[in-house]
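Source file run_37.csv; content: CSV, C-alpha atoms.
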chain,number,residue,atom,x,y,z
A,1,GLY,CA,-79.3,35.6,48.3
A,2,LYS,CA,-80.5,38.7,46.4
A,3,VAL,CA,-78.1,38.3,43.4
A,4,HIS,CA,-78.6,35.2,41.2
A,5,VAL,CA,-76.3,36.1,38.2
A,6,VAL,CA,-73.5,38.6,37.8
A,7,VAL,CA,-73.5,39.8,34.2
A,8,VAL,CA,-70.6,41.6,32.5
A,9,TYR,CA,-70.0,42.9,28.9
A,10,LYS,CA,-66.7,41.1,28.6
A,11,VAL,CA,-64.8,38.9,31.1
A,12,ASP,CA,-61.5,40.8,31.0
A,13,ARG,CA,-63.4,44.0,32.1
A,14,LEU,CA,-63.9,42.2,35.4
A,15,THR,CA,-60.4,40.7,35.8
A,16,ARG,CA,-57.5,39.3,33.8
A,17,SER,CA,-56.1,37.3,36.6
A,18,LEU,CA,-57.0,33.7,36.7
A,19,ALA,CA,-56.3,33.5,40.5
A,20,ASP,CA,-58.6,36.5,41.1
A,21,PHE,CA,-61.3,35.0,39.0
A,22,ALA,CA,-61.1,31.7,40.8
A,23,LYS,CA,-61.7,33.6,44.1
A,24,ILE,CA,-64.7,35.5,42.6
A,25,VAL,CA,-66.2,32.2,41.4
A,26,ASP,CA,-65.8,30.7,44.9
A,27,VAL,CA,-67.7,33.7,46.3
A,28,LEU,CA,-70.4,33.3,43.7
A,29,ASP,CA,-70.7,29.6,44.3
A,30,ALA,CA,-71.0,30.2,48.1
A,31,ALA,CA,-73.9,32.5,47.4
A,32,GLU,CA,-75.4,30.2,44.8
A,33,ALA,CA,-74.9,32.8,42.1
A,34,SER,CA,-73.4,32.4,38.6
A,35,PHE,CA,-71.4,34.6,36.2
A,36,VAL,CA,-72.3,35.4,32.6
A,37,SER,CA,-70.4,37.3,29.9
A,38,VAL,CA,-72.8,38.9,27.4
A,39,THR,CA,-70.4,39.1,24.4
A,40,GLN,CA,-68.8,35.7,24.9
A,41,ALA,CA,-70.4,32.3,24.5
A,42,PHE,CA,-69.9,30.9,28.0
A,43,ASN,CA,-71.1,31.2,31.5
A,44,THR,CA,-70.3,29.6,34.8
A,45,THR,CA,-73.6,27.7,35.2
A,46,ASN,CA,-72.0,24.6,33.5
A,47,SER,CA,-68.6,22.9,33.6
A,48,MET,CA,-67.8,23.5,29.9
A,49,GLY,CA,-68.4,27.2,30.4
A,50,ARG,CA,-66.0,27.2,33.3
A,51,LEU,CA,-63.3,25.4,31.3
A,52,THR,CA,-63.6,27.8,28.4
A,53,LEU,CA,-63.5,30.8,30.8
A,54,ASN,CA,-60.3,29.5,32.5
A,55,VAL,CA,-58.6,29.0,29.2
A,56,LEU,CA,-59.6,32.5,28.1
A,57,LEU,CA,-58.4,34.1,31.3
A,58,SER,CA,-55.1,32.2,31.1
A,59,PHE,CA,-54.4,33.9,27.7
A,60,ALA,CA,-55.6,37.3,29.1
A,61,GLN,CA,-53.2,37.0,32.0
A,62,PHE,CA,-50.4,35.9,29.7
A,63,GLU,CA,-51.0,38.9,27.5
A,64,ARG,CA,-50.9,41.3,30.4
A,65,GLU,CA,-47.6,39.8,31.7
A,66,VAL,CA,-46.0,40.0,28.2
A,67,THR,CA,-47.2,43.6,27.9
A,68,GLY,CA,-45.7,44.4,31.3
A,69,GLU,CA,-42.4,42.9,30.3
A,70,ARG,CA,-42.3,44.9,27.1
A,71,ILE,CA,-42.9,48.1,29.0
A,72,ARG,CA,-40.2,47.3,31.6
A,73,ASP,CA,-37.8,46.5,28.8
A,74,LYS,CA,-38.6,49.8,27.0
A,75,ILE,CA,-38.0,51.8,30.2
A,76,ALA,CA,-34.7,50.0,30.9
A,77,ALA,CA,-33.5,50.6,27.3
A,78,SER,CA,-34.5,54.3,27.5
A,79,LYS,CA,-32.8,54.9,30.8
A,80,SER,CA,-29.7,53.2,29.5
A,81,LYS,CA,-29.6,56.0,26.9
A,82,GLY,CA,-29.9,58.6,29.7
A,83,MET,CA,-33.5,59.5,29.1
A,84,TRP,CA,-35.8,60.7,31.9
A,85,MET,CA,-38.7,58.3,32.0
A,86,GLY,CA,-41.1,60.2,34.3
A,87,GLY,CA,-41.9,60.3,38.0
A,88,ASN,CA,-41.5,63.2,40.4
A,89,VAL,CA,-39.0,65.6,39.0
A,90,PRO,CA,-36.2,66.0,41.6
A,91,LEU,CA,-35.3,69.3,43.3
A,92,GLY,CA,-32.9,71.2,41.0
A,93,TYR,CA,-34.5,70.2,37.7
A,94,ASP,CA,-37.5,70.9,35.5
A,95,ILE,CA,-39.2,69.3,32.5
A,96,PRO,CA,-38.8,71.9,29.7
A,97,ALA,CA,-41.9,70.7,27.9
A,98,PRO,CA,-44.7,68.1,28.4
A,99,GLY,CA,-43.4,64.7,27.3
A,100,SER,CA,-39.8,65.7,27.3
A,101,ARG,CA,-37.3,63.0,28.1
A,102,THR,CA,-34.5,65.3,29.2
A,103,LEU,CA,-34.2,67.2,32.5
A,104,GLN,CA,-33.3,70.9,32.5
A,105,VAL,CA,-31.4,72.5,35.4
A,106,ASN,CA,-33.5,74.9,37.4
A,107,GLN,CA,-30.7,77.4,38.3
A,108,ALA,CA,-32.4,78.7,41.5
A,109,GLU,CA,-33.1,75.3,42.8
A,110,ALA,CA,-29.6,74.1,41.8
A,111,ILE,CA,-28.1,76.6,44.2
A,112,THR,CA,-30.2,75.0,47.0
A,113,VAL,CA,-29.1,71.5,46.1
A,114,ARG,CA,-25.4,72.6,46.2
A,115,HIS,CA,-26.0,74.2,49.5
A,116,ILE,CA,-27.5,71.0,50.9
A,117,PHE,CA,-24.6,68.9,49.7
A,118,ALA,CA,-22.0,71.4,51.1
A,119,ARG,CA,-23.7,71.9,54.5
A,120,TYR,CA,-24.1,68.1,55.0
A,121,LEU,CA,-20.3,67.8,54.7
A,122,GLU,CA,-19.8,70.7,57.1
A,123,LEU,CA,-22.4,69.5,59.7
A,124,GLY,CA,-21.6,65.8,59.3
A,125,SER,CA,-25.2,64.8,60.2
A,126,VAL,CA,-28.5,64.6,58.3
A,127,TYR,CA,-30.3,65.3,61.6
A,128,ALA,CA,-28.5,68.6,62.0
A,129,LEU,CA,-28.9,69.4,58.3
A,130,GLN,CA,-32.6,68.8,58.5
A,131,ARG,CA,-33.0,71.2,61.5
A,132,GLU,CA,-30.9,73.9,59.8
A,133,LEU,CA,-32.8,73.7,56.5
A,134,ALA,CA,-36.1,73.9,58.4
A,135,GLU,CA,-34.9,77.0,60.2
A,136,GLN,CA,-33.8,78.5,56.9
A,137,GLY,CA,-37.2,77.9,55.3
A,138,ILE,CA,-35.8,75.6,52.6
A,139,THR,CA,-38.5,73.2,51.4
A,140,SER,CA,-39.0,70.4,48.9
A,141,LYS,CA,-39.8,71.1,45.3
A,142,GLN,CA,-43.2,72.5,44.6
A,143,ARG,CA,-45.3,70.8,41.9
A,144,ILE,CA,-48.5,71.9,40.2
A,145,THR,CA,-50.6,69.2,38.6
A,146,GLY,CA,-52.6,69.6,35.4
A,147,THR,CA,-55.7,70.2,37.5
A,148,GLY,CA,-53.9,73.1,39.3
A,149,LYS,CA,-53.3,71.4,42.6
A,150,ASN,CA,-50.1,72.2,44.5
A,151,TYR,CA,-47.9,69.5,46.0
A,152,GLY,CA,-44.6,69.8,47.8
A,153,GLY,CA,-43.2,72.9,49.3
A,154,CYS,CA,-42.9,71.2,52.7
A,155,HIS,CA,-39.9,70.7,55.1
A,156,LEU,CA,-37.3,68.2,53.9
A,157,TYR,CA,-37.5,65.2,56.2
A,158,ARG,CA,-34.6,62.9,56.9
A,159,GLY,CA,-35.7,60.2,54.4
A,160,ALA,CA,-36.0,62.8,51.6
A,161,LEU,CA,-32.5,64.2,52.5
A,162,PHE,CA,-30.9,60.8,52.4
A,163,HIS,CA,-32.5,60.1,49.0
A,164,LEU,CA,-31.4,63.5,47.7
A,165,LEU,CA,-27.8,63.2,48.9
A,166,ALA,CA,-27.4,59.7,47.4
A,167,ASN,CA,-29.1,60.4,44.1
A,168,PRO,CA,-26.7,60.2,41.1
A,169,ILE,CA,-29.1,62.3,39.1
A,170,TYR,CA,-27.2,65.3,40.5
A,171,LEU,CA,-24.0,64.0,38.8
A,172,GLY,CA,-25.8,64.0,35.4
A,173,ARG,CA,-26.6,60.3,35.6
A,174,ILE,CA,-29.6,58.0,35.9
A,175,ARG,CA,-30.0,55.0,38.1
A,176,HIS,CA,-32.1,52.0,37.1
A,177,LYS,CA,-32.3,48.7,39.0
A,178,GLY,CA,-29.0,49.5,40.7
A,179,VAL,CA,-27.2,50.3,37.5
A,180,ILE,CA,-25.9,53.8,36.8
A,181,HIS,CA,-26.2,55.2,33.3
A,182,GLU,CA,-24.9,58.5,31.8
A,183,GLY,CA,-27.8,60.9,31.6
A,184,GLY,CA,-28.8,63.3,28.9
A,185,HIS,CA,-29.0,66.2,31.5
A,186,ASP,CA,-26.4,68.5,33.1
A,187,ALA,CA,-24.9,67.8,36.5
A,188,ILE,CA,-25.5,70.1,39.4
A,189,VAL,CA,-22.7,68.9,41.8
A,190,GLY,CA,-19.2,67.9,41.0
A,191,GLU,CA,-18.0,64.3,41.2
A,192,GLU,CA,-15.5,65.1,44.1
A,193,LEU,CA,-18.3,66.6,46.2
A,194,PHE,CA,-20.7,63.8,45.5
A,195,ASP,CA,-18.1,61.1,46.3
A,196,ARG,CA,-17.2,62.8,49.6
A,197,VAL,CA,-20.9,62.9,50.5
A,198,GLN,CA,-21.3,59.2,49.6
A,199,LYS,CA,-18.4,58.2,51.9
A,200,LEU,CA,-19.9,60.1,54.8
A,201,LEU,CA,-23.3,58.6,54.2
A,202,ALA,CA,-21.8,55.1,54.2
A,203,GLN,CA,-19.9,55.8,57.4
A,204,GLN,CA,-23.2,56.9,59.1
A,205,ALA,CA,-25.3,54.1,57.8
A,206,PRO,CA,-26.7,52.0,60.6
A,207,ARG,CA,-24.9,48.6,61.0
A,208,ARG,CA,-27.0,45.5,61.1
A,209,ARG,CA,-26.6,43.2,64.0
A,210,VAL,CA,-25.6,39.7,63.2
A,211,ALA,CA,-27.3,37.1,65.3

Encoding of this model in C-alpha cells:
Amino acid sequence: GKVHVVVVYKVDRLTRSLADFAKIVDVLDAAEASFVSVTQAFNTTNSMGRLTLNVLLSFAQFEREVTGERIRDKIAASKSKGMWMGGNVPLGYDIPAPGSRTLQVNQAEAITVRHIFARYLELGSVYALQRELAEQGITSKQRITGTGKNYGGCHLYRGALFHLLANPIYLGRIRHKGVIHEGGHDAIVGEELFDRVQKLLAQQAPRRRVA
C-alpha cells in the first residue's frame, strides 16, 4: 500500500521474459499499483498499454532466445575444431595467455595426472585412490582469479576423481554434448591407458534396479 507506481527507465531493464513480467503485473495488481516505463510510450494503467507491453516483451524474449542459440552454435562449432571454450582449466593444463583457445600441458601437473590414472588401475577402486592421494598430499588444481583470490588446492573427492578419470581432455580431445572432437592440445595419457581406465570405471558403475 506504500507503492503506487513502479517506474523504470526501460522495460527490458526489468525483465525480458513475458512469463516473468506477467507475474510481476499480478503482484502489482494485487497491491493496486501500476508499472510505467519512462522512455517508452505505455504503462499498465490501461489495457492498450498492457497490450503494447506484451508485444514488446514477446520480441525481447525472442531476441534473447535467438542470441542464446547463436552463442550455443558458436561454442559447438568452436569445440568441433578442438578449441578450448573456457571454464575451469583441468588439472594438467594451463592457459598460456588470457583469451587463448588452446590448452598447454603443465608438465608438473601432468606427472600427477598420469600417476592418478596408473594408481587407479593398480588399486582398482576410486575410494582407495582417494584415500591414497589424500595421504600423499595430492590436491586439486590451484587457481588464482583476476582479483587475486585462490581457489582449489583441496583434496580430490570421489566425484572429482571420477570426472578426471573419464575426461577425454587427457587424450587430447574435447567433449561437447556427448560428442568427442579432436582437440588442439597435446594428450597427457596414452589411448591404451585411458581405455583400460574406462573399462574399469564401467565395470564399477552402480547398476540401476529395474522395477

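Between CA of Tyr120 in chain A and CA of Ile95 in chain A the interatomic distance comes to 27.1 Å.
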
Item to check | Shell around Ser140 in chain A at 8 Å using only C-alpha atoms, local window under 6 positions removed, as an NGL selection string | outcome: :A and (91 or 152-156)

Item to check | Using all atoms listed in the file: which of A:Tyr151, A:Phe194, A:Phe62, A:Tyr9 has the shortest distance to Ala118 in chain A | outcome: A:Phe194

Next on the checklist: If we count all atoms listed in the file and set the cut-off at 10 Å, which residues sit around Arg64 in chain A, ignoring sequence neighbours fewer than 6 positions away in its own chain? Please answer as a ChimeraX atom specification.
Outcome noted: /A:16-17,70

Keeping only C-alpha atoms, write the selected residues as a JSON list (two decimals), in the coordinates of the input.
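Done, and the output landed in selection.json:
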[["chain", "number", "residue", "atom", "x", "y", "z"],
["A", 16, "ARG", "CA", -57.50, 39.30, 33.80],
["A", 17, "SER", "CA", -56.10, 37.30, 36.60],
["A", 70, "ARG", "CA", -42.30, 44.90, 27.10]]

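Counting all atoms listed in the file, range 199-206 of chain A has the following residues at most 10 Å away, ignoring those fewer than 3 positions along the same chain: A:Tyr120, A:Leu121, A:Gly124, A:Ser125, A:Val126, A:Phe162, A:Leu165, A:Ala166, A:Phe194, A:Asp195, A:Arg196, A:Arg209.
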
Checklist entry - Need the neighbours of (-32.7, 76.5, 53.0): which residues are at most 10 Å away, counting only C-alpha atoms, as a ChimeraX atom specification? => result /A:111-113,115-116,129-130,132-140,155-156

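When all atoms listed in the file are used to compute distances to Thr102 in chain A, the closest of the residues A:Asp186, A:Tyr127, A:Glu32, A:Thr39 turns out to be A:Asp186.
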
Checklist entry - If you measure from CA of Glu191 in chain A to CA of Ala97 in chain A, what distance in Å do you get, rounded to one decimal? => result 28.1 Å

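Excluding Val105 in chain A and any residue on its chain fewer than 2 positions from it, the residues at most 6 Å away by only C-alpha atoms are Gly92, Tyr93 and Gln107 of chain A.
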
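For the pair CA of Ile180 in chain A and CA of Asp73 in chain A, the separation is 16.1 Å.
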
Next on the checklist: Applying 10 Å and all atoms listed in the file, which residues near Pro168 in chain A remain after dropping the ones on its own chain fewer than 4 positions away? List them as a ChimeraX atom specification.
Outcome noted: /A:163-164,172-175,180-183,187,189,191,194

What does the file look like for those residues with C-alpha atoms, as a PDB file, in the frame of the given file?
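Once written, again-v2.pdb looks like this:
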ATOM      1  CA  HIS A 163     -32.500  60.100  49.000  1.00  0.00           C
ATOM      2  CA  LEU A 164     -31.400  63.500  47.700  1.00  0.00           C
ATOM      3  CA  GLY A 172     -25.800  64.000  35.400  1.00  0.00           C
ATOM      4  CA  ARG A 173     -26.600  60.300  35.600  1.00  0.00           C
ATOM      5  CA  ILE A 174     -29.600  58.000  35.900  1.00  0.00           C
ATOM      6  CA  ARG A 175     -30.000  55.000  38.100  1.00  0.00           C
ATOM      7  CA  ILE A 180     -25.900  53.800  36.800  1.00  0.00           C
ATOM      8  CA  HIS A 181     -26.200  55.200  33.300  1.00  0.00           C
ATOM      9  CA  GLU A 182     -24.900  58.500  31.800  1.00  0.00           C
ATOM     10  CA  GLY A 183     -27.800  60.900  31.600  1.00  0.00           C
ATOM     11  CA  ALA A 187     -24.900  67.800  36.500  1.00  0.00           C
ATOM     12  CA  VAL A 189     -22.700  68.900  41.800  1.00  0.00           C
ATOM     13  CA  GLU A 191     -18.000  64.300  41.200  1.00  0.00           C
ATOM     14  CA  PHE A 194     -20.700  63.800  45.500  1.00  0.00           C
TER      15      PHE A 194
END
